[in-house]
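J.: Pasting a structure below so you can have a look.
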Amino acid sequence: MVTKLRNISKYSLTKFIAFIMVVALITTVLIQLIYVSYLDINPESLLVKEYKDSQTEFVNEFNYAIHQTYDFINDFPRHIPNDLDYLYYIKTDGMENTNSKIYTKEFFASHKDAFFAYEKGVITLGESTNPSIVYSYPADENMTVYIAFPYEYIEEQQNIWEAGRAKLIPIAIISIASIVVALILIVYLIIVTGRKTQDDELHLSRVDRIYSEILIAGFIPLFVLWFGIMAHLPFYGGINNSSLSINQIYNMIFAGAVTAIVTALCGVLLLSIVRKIKARRFIKHSITYRVFHSISEFIKSFFDGSRFSKFPLTKSLYQRQIIFIVASAALVFFTFLFILIPPLILIPPILEALVIYWYIKYNNITFEEINKGFNESLEEQMKSERMKIDLITNVSHDLKTPLTSIISYVDLLSKEEDLSDSARDYVNIIAEKSDRLKNIVADLFDLAKSTSGDINLDFETLDIKRLIAQTLGDMEDDIEKSGLQIKTKFPENPVNIVSDGKKLYRVFQNILDNALKYSLKGTRIYVELEEQNGKAIATVKNTADYEMDFTANEILQRFNRGDQSRTTEGSGLGLSIAESFTKVCGGDFKVDIDGDMFKVIITFG
Amino acid sequence: MDTARILVVDDDKEIANAIDKLLTLEGYEVVKAYNGLEALDALVLNNIQLILLDVMMPKLDGLSTTLKVREKKNIPIIILSAKSEDSDKILGLSMGADDYITKPFNPQELVARVKSQLRRYMHLGDMANSIHSSQILVGGLCLDKDSKELIVDGEPVKLTPTEYKIMDLLMTNVGVVFSAEQIYERVWEEPAYSVENTVMVHIRRIREKIEINPKEPKYLKVVWGIGYKIEKY
């Protein structure tokens with residue numbers, strides 16, 4: 001029920017009817033006022049029941065009578081009219097006059113409703129005479145004045161008064177009721193304007209596209225027009241025979257039409273303003289706001305970065321800084337200039353304050369954005385690192401599991417007794433290759449883990465001299481097998497560094513392995529260690545048994561092997577692992593190729 | 001001993017079958033399970049002497065299974081895992097496993113490790129009870145100072161006098177790291193000068209005798225850049 005009512009209240013038709021009613025009611029009130037003016041009824045009769053109490057009528061009349069009576073004294077006896085509405089009696093030194101047949105004070109005083117007496121400087125009023133009647137009187141103590149209005153006259157006037165009042169009261173009631181209803185409807189329209197039944201949104205109409213100032217200014221011509229027309233409306237006098245003349249009727253129709261049009265237009269303007277206020281667009285959709293806003297936007301655009309949005313953030317910081325300095329300098333200049341024009345002197349500081357505010361505000365926003373971008377890229381990097389590590393772990397597992405089966409079944413196969421010779425050869429090859437594959441997978445996993453940084457390191461103070469010696473001892477069998485000689489040159493004292501021994505062992509193992517594999521027969525491998533400026537520098541030099549047609553960088557590329565044709569053993573990752581492990585252990589890894597000499601330099605410190 | 005029953009647990013059926021065949025060829029009886037829960041059931045139903053356990057398995061993983069088994073039994077557990085990091089090994093061993101083999105494994109090494117664990121379990125079980133004051137026990141190693149011999153997983157190993165002395169020094173001080181010079185001075189009883197290589201070569205020889213995989217020693221370890229030690233078990 002309530003919702004239904006709410007819906008009805010939002011119907012366009014309801015609103016239209018309400019609007020028409022407001023216009024009609026206001027027009028009615030105006031026409032009635034004009035009508036009242038034609039009736040020539042004193043509006044006071046609405047409030048004052050008795051004619052004798054009326055301020056605007058009887059009080060004026062009475063006072064006029066008093067003054068007129070005084071004038072008689074001065075003009076006596078020439079200008080005394082014969083048709084006076086009242087009775088008077090005047091007496092001064094040597095002169096006495098009256099228009100009453102009986103001129104005793106008692107007779108005059110018997111007119112209780114309208115009696116005035118001035119005698120020996122004392123004023124006496126009738127018993128039921130309105131005390132507020134007299135507001136000015138003569139002050140001559142020798143004078144005696146009696147004034148009274150006859151009962152017949154008062155009664156007659158009272159009848160006219162009452163007749164007017166009888167006509168006025170219904171008109172007044174109707175007018176007041178009309179105004180009340182019109183106000184209620186206006187309030188209703190203000191509430192529902194812009195609302196529609198289907199939703200709770202505020203709907204603006206086409207009128208609302210007019211700027212707010214124009215809407216407000218629109219009232220001025222309307223009011224000027226209306227007042228102008230009303231002021232110049234011919235009056236055509238009072239009513240004859242209690243009915244309106246043709247001219248008067250035309251007059252009323254014309255005034256009514258003008259009022260209706262003006263009211264309707266004012267209503268349209270008012271409701272548009274109300275809608276805009278409701279939509280919070282009244283200020284924003286004004287010319288003043290637009291102008292100031294676009295000016296401030298223009299200035300602001302130099303600060304908020306939108307003018308330099310195509311530049312990187314740091315660049316926009318730089319631009320803003322330049323603009324800030326230039327603007328500040330200009331404002332300082334204007335401050336000096338405006339010393340000559342004192343009223344304007346406050347403008348530059350205010351603008352400067354604004355510029356400083358913007359400068360700080362947008363700088364902070366830019367910093368925030370830079371920070372955000374930085375954090376995002378950091379997060380992104382962390383995420384991709386994590387993904388890489390997960391990928392390595394998963395791929396490693398997925399490679400190792402089938403490889404386990406292959407190796408196990410190859411082993412079982414090799415244990416079969418009734419294999420042909422060739423089959424046994426094949427099985428041996430598979431065994432060999434699957435073993436190599438196993439090493440490659442392990443190396444790959446090591447390398448991937450160390451390059452992605454997801455590697456457990458166990459740092460401790462160790463003697464790198466001892467470590468190299470241990471590695472050489474550990475590899476003695478391989479060295480002997482290779483037939484190559486190892487020449488070592490170590491310093492006397494231990495060379496202590498902080499590193500991960502196991503990883504470092506892998507580094508030297510791989511480097512020596514490489515040197516043993518690719519050295520020319522009969523040559524020597526030089527393993528040297530020296531301490532320089534607190535740095536431990538280990539070098540491994542060997543003479544290659546093939547032409548090294550690659551650069552130092554190329555050899556460190558993953559999967560690159562010195563000699564492309566060698567496919568016998570190893571994963572080709574040895575040096576890459578050595579490099580990567582050296583780096584995670586906190587060292588520097590360098591390869592130097594000079595003719596046939598291959599040199600690895602590892603520096604710690 | 002030859003009829004020892006081994007429980008093989010791996011969610012990859014081919015691997016479980018391969019291990020089954022390998023061990024059957026060596027004369028062991030094999031029971032298979034494909035996840036931790038099945039393994040626990042199999043353990044109740046059969047008289048199992050050793051467990052080979054994969055780590056990454058559905059339902060109940062290898063490490064949790066190890067913990068569950070250890071609540072009741074002290075039979076040897078060998079973990080088989082594709083995870084090869086030292087931290088993974090340490091985690092597995094600290095959960096109560098006796099050995100840790102990384103996939104892909106060498107079948108011969110697997111068999112050797114199974115044998116070693118079984119020997120230790122069966123023989124050392126009563127040895128531990130009757131240990132003399134002259135005997136030092138570290139994991140599967142037992143150094144007898146009276147007979148001057150080293151027994152690995154119940155089997156005596158032939159060591160040269162120098163090798164024995166090195167083992168004596170390191171096993172008497174389990175977990176302590178000795179530098180090559182310290183070892184040389186104590187064993188050779190001569191001043192040490194440029195002895196790293198000499199000691200290292202001896203260490204390698206000993207490893208080849210006592211370790212199943214000398215490249216990945218379980219007992220005799222090189223502390224790179226510092227020295228040598230016997231790992232504490």
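Following the order of the structure tokens, chains are lettered A, B, ..., residues in each are numbered from 1, and ligands are numbered from 1.
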Taking only C-alpha atoms into account and nothing else, which residues of chain B lie no more than 9 Å away from chain A? Please answer as an NGL selection string.
T.: :B and (12 or 14-16 or 18-19 or 21-22 or 82-87 or 103-108 or 180 or 196-201 or 203-204 or 222-227)
J.: Excluding region 530-547 of chain A and any residue of its chain fewer than 5 positions from it, enumerate the residues within 8 Å of it, using only C-alpha atoms, and give them as a PyMOL selection string.
T.: chain A and resi 490-491+495+497+511-512+515+518-521+523-525+563+596-605
J.: Using only N, CA and C atoms, please write the residues we just selected to a file, as a PDB file, in the first residue's frame.
T.:
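Output contents, as saved in out-v7.pdb:
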ATOM      1  N   PHE A 490     101.230 -23.005  -4.116  1.00  0.00           N
ATOM      2  CA  PHE A 490     100.392 -22.478  -3.038  1.00  0.00           C
ATOM      3  C   PHE A 490     101.212 -21.585  -2.131  1.00  0.00           C
ATOM      4  N   PRO A 491     100.587 -20.629  -1.496  1.00  0.00           N
ATOM      5  CA  PRO A 491     101.316 -19.839  -0.493  1.00  0.00           C
ATOM      6  C   PRO A 491     101.609 -20.678   0.736  1.00  0.00           C
ATOM      7  N   VAL A 495      95.006 -19.967   3.488  1.00  0.00           N
ATOM      8  CA  VAL A 495      94.248 -18.850   2.898  1.00  0.00           C
ATOM      9  C   VAL A 495      92.793 -19.037   3.299  1.00  0.00           C
ATOM     10  N   ILE A 497      88.941 -18.298   3.834  1.00  0.00           N
ATOM     11  CA  ILE A 497      87.802 -17.547   3.291  1.00  0.00           C
ATOM     12  C   ILE A 497      86.532 -18.080   3.966  1.00  0.00           C
ATOM     13  N   ILE A 511      86.236 -27.919 -12.475  1.00  0.00           N
ATOM     14  CA  ILE A 511      87.282 -27.246 -13.263  1.00  0.00           C
ATOM     15  C   ILE A 511      88.410 -28.226 -13.590  1.00  0.00           C
ATOM     16  N   LEU A 512      88.824 -28.998 -12.569  1.00  0.00           N
ATOM     17  CA  LEU A 512      89.908 -29.957 -12.791  1.00  0.00           C
ATOM     18  C   LEU A 512      89.469 -31.061 -13.743  1.00  0.00           C
ATOM     19  N   ALA A 515      89.728 -29.730 -17.087  1.00  0.00           N
ATOM     20  CA  ALA A 515      91.128 -29.626 -17.499  1.00  0.00           C
ATOM     21  C   ALA A 515      91.686 -31.003 -17.856  1.00  0.00           C
ATOM     22  N   TYR A 518      90.230 -32.197 -21.342  1.00  0.00           N
ATOM     23  CA  TYR A 518      90.546 -31.503 -22.596  1.00  0.00           C
ATOM     24  C   TYR A 518      91.979 -31.022 -22.701  1.00  0.00           C
ATOM     25  N   SER A 519      92.878 -31.624 -21.894  1.00  0.00           N
ATOM     26  CA  SER A 519      94.273 -31.190 -21.977  1.00  0.00           C
ATOM     27  C   SER A 519      95.046 -32.041 -22.969  1.00  0.00           C
ATOM     28  N   LEU A 520      96.012 -31.413 -23.599  1.00  0.00           N
ATOM     29  CA  LEU A 520      96.881 -32.094 -24.554  1.00  0.00           C
ATOM     30  C   LEU A 520      97.769 -33.085 -23.797  1.00  0.00           C
ATOM     31  N   LYS A 521      97.928 -34.251 -24.342  1.00  0.00           N
ATOM     32  CA  LYS A 521      98.741 -35.280 -23.677  1.00  0.00           C
ATOM     33  C   LYS A 521     100.146 -34.770 -23.414  1.00  0.00           C
ATOM     34  N   THR A 523     101.133 -32.488 -21.431  1.00  0.00           N
ATOM     35  CA  THR A 523     101.245 -31.127 -20.908  1.00  0.00           C
ATOM     36  C   THR A 523     100.952 -31.136 -19.414  1.00  0.00           C
ATOM     37  N   ARG A 524     101.150 -29.989 -18.794  1.00  0.00           N
ATOM     38  CA  ARG A 524     100.939 -29.875 -17.360  1.00  0.00           C
ATOM     39  C   ARG A 524      99.743 -28.976 -17.069  1.00  0.00           C
ATOM     40  N   ILE A 525      99.088 -29.312 -15.971  1.00  0.00           N
ATOM     41  CA  ILE A 525      97.991 -28.457 -15.508  1.00  0.00           C
ATOM     42  C   ILE A 525      98.529 -27.676 -14.316  1.00  0.00           C
ATOM     43  N   ASP A 563      84.399 -28.583 -27.526  1.00  0.00           N
ATOM     44  CA  ASP A 563      84.445 -29.242 -28.819  1.00  0.00           C
ATOM     45  C   ASP A 563      83.079 -29.854 -29.109  1.00  0.00           C
ATOM     46  N   ASP A 596      96.153 -21.614 -27.023  1.00  0.00           N
ATOM     47  CA  ASP A 596      95.741 -22.946 -26.583  1.00  0.00           C
ATOM     48  C   ASP A 596      95.603 -23.017 -25.074  1.00  0.00           C
ATOM     49  N   MET A 597      95.899 -21.890 -24.410  1.00  0.00           N
ATOM     50  CA  MET A 597      95.827 -21.924 -22.958  1.00  0.00           C
ATOM     51  C   MET A 597      94.427 -21.586 -22.472  1.00  0.00           C
ATOM     52  N   PHE A 598      93.921 -22.477 -21.650  1.00  0.00           N
ATOM     53  CA  PHE A 598      92.603 -22.280 -21.064  1.00  0.00           C
ATOM     54  C   PHE A 598      92.808 -22.002 -19.578  1.00  0.00           C
ATOM     55  N   LYS A 599      92.274 -20.890 -19.104  1.00  0.00           N
ATOM     56  CA  LYS A 599      92.574 -20.471 -17.749  1.00  0.00           C
ATOM     57  C   LYS A 599      91.282 -20.096 -17.025  1.00  0.00           C
ATOM     58  N   VAL A 600      91.154 -20.651 -15.842  1.00  0.00           N
ATOM     59  CA  VAL A 600      90.003 -20.293 -15.010  1.00  0.00           C
ATOM     60  C   VAL A 600      90.532 -19.544 -13.797  1.00  0.00           C
ATOM     61  N   ILE A 601      89.947 -18.381 -13.527  1.00  0.00           N
ATOM     62  CA  ILE A 601      90.400 -17.599 -12.378  1.00  0.00           C
ATOM     63  C   ILE A 601      89.234 -17.451 -11.410  1.00  0.00           C
ATOM     64  N   ILE A 602      89.458 -17.885 -10.193  1.00  0.00           N
ATOM     65  CA  ILE A 602      88.417 -17.763  -9.163  1.00  0.00           C
ATOM     66  C   ILE A 602      88.930 -16.835  -8.078  1.00  0.00           C
ATOM     67  N   THR A 603      88.146 -15.820  -7.784  1.00  0.00           N
ATOM     68  CA  THR A 603      88.594 -14.846  -6.793  1.00  0.00           C
ATOM     69  C   THR A 603      87.618 -14.791  -5.617  1.00  0.00           C
ATOM     70  N   PHE A 604      88.182 -14.828  -4.425  1.00  0.00           N
ATOM     71  CA  PHE A 604      87.360 -14.673  -3.210  1.00  0.00           C
ATOM     72  C   PHE A 604      87.915 -13.536  -2.389  1.00  0.00           C
ATOM     73  N   GLY A 605      87.056 -12.796  -1.766  1.00  0.00           N
ATOM     74  CA  GLY A 605      87.572 -11.792  -0.861  1.00  0.00           C
ATOM     75  C   GLY A 605      86.809 -10.498  -0.883  1.00  0.00           C
TER      76      GLY A 605
END
J.: Output as a ChimeraX atom specification all residues of region 84-118 of chain B that backbone DSSP marks as helix (DSSP H, G or I).
T.: /B:86-94,107-118
J.: Find the residue from A:Ile253, A:Ile283, A:Leu575, A:Val207 that sits nearest to Leu269 (chain A); use only C-alpha atoms when measuring.
T.: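 Among A:Ile253, A:Ile283, A:Leu575, A:Val207, it is A:Val207 that comes nearest to Leu269 (chain A).
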J.: Name the residues in contact with Leu265 (chain A) at a cut-off of 12 Å, using only C-alpha atoms, excluding same-chain residues fewer than 2 positions from it; report them as a list in words.
T.: Phe19, Ile20, Val22, Val23, Val207, Leu215, Ile216, Gly218, Phe219, Ile220, Pro221, Leu222, Phe223, Leu225, Trp226, Val258, Thr259, Ala260, Ile261, Val262, Thr263, Gly267, Val268, Leu269, Leu270, Leu271 and Ser272 of chain A
J.: Show me, as a PyMOL selection string, the residues that have an atom within 9 Å of Gly92 (chain B) when counting only C-alpha atoms, minus same-chain residues fewer than 3 positions from it.
T.: chain B and resi 55+62-63+66+79+87-89+95-100
J.: I need the residues of region 14-221 of chain B that end up classed as strand (DSSP E) by DSSP on the backbone, written out as number ranges by chain.
T.: B: 29-33, 50-54, 77-81, 99-102, 135-138, 141-144, 149-152, 155-157, 220-221
J.: Residues at most 9 Å from Glu352 (chain A), counting only C-alpha atoms, excluding those fewer than 5 positions away in the same chain, as a ChimeraX atom specification?
T.: /A:327-328,331-332,347,357
J.: Restricting the output to N, CA and C atoms, write the selected residues as a PDB file, in the first residue's frame.
T.:
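Output (again-v7.pdb):
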ATOM      1  N   ALA A 327      57.226  28.374 -11.536  1.00  0.00           N
ATOM      2  CA  ALA A 327      56.016  29.009 -11.008  1.00  0.00           C
ATOM      3  C   ALA A 327      56.347  29.833  -9.764  1.00  0.00           C
ATOM      4  N   SER A 328      57.163  29.253  -8.885  1.00  0.00           N
ATOM      5  CA  SER A 328      57.532  29.966  -7.658  1.00  0.00           C
ATOM      6  C   SER A 328      58.289  31.243  -7.985  1.00  0.00           C
ATOM      7  N   LEU A 331      55.950  33.800  -9.261  1.00  0.00           N
ATOM      8  CA  LEU A 331      55.116  34.346  -8.187  1.00  0.00           C
ATOM      9  C   LEU A 331      55.912  35.316  -7.314  1.00  0.00           C
ATOM     10  N   VAL A 332      57.170  35.015  -7.103  1.00  0.00           N
ATOM     11  CA  VAL A 332      58.010  35.949  -6.349  1.00  0.00           C
ATOM     12  C   VAL A 332      58.108  37.269  -7.107  1.00  0.00           C
ATOM     13  N   ILE A 347      47.542  38.000  -3.560  1.00  0.00           N
ATOM     14  CA  ILE A 347      47.280  36.968  -4.572  1.00  0.00           C
ATOM     15  C   ILE A 347      48.473  36.027  -4.770  1.00  0.00           C
ATOM     16  N   TYR A 357      51.070  23.272  -2.258  1.00  0.00           N
ATOM     17  CA  TYR A 357      50.166  22.176  -1.882  1.00  0.00           C
ATOM     18  C   TYR A 357      50.122  21.129  -2.982  1.00  0.00           C
TER      19      TYR A 357
END
J.: Please measure the separation of CA of Glu376 (chain A) and CA of Leu313 (chain A), giving the value in Å to one decimal.
T.: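 Result for CA of Glu376 (chain A) versus CA of Leu313 (chain A): 14.8 Å, one decimal.
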J.: Please provide as a PyMOL selection string all residues within 9 Å of Tyr219 (chain B), with the sequence filter that same-chain residues fewer than 4 positions apart are discarded (counting only C-alpha atoms).
T.: chain B and resi 138-141+207+210-211+229-233
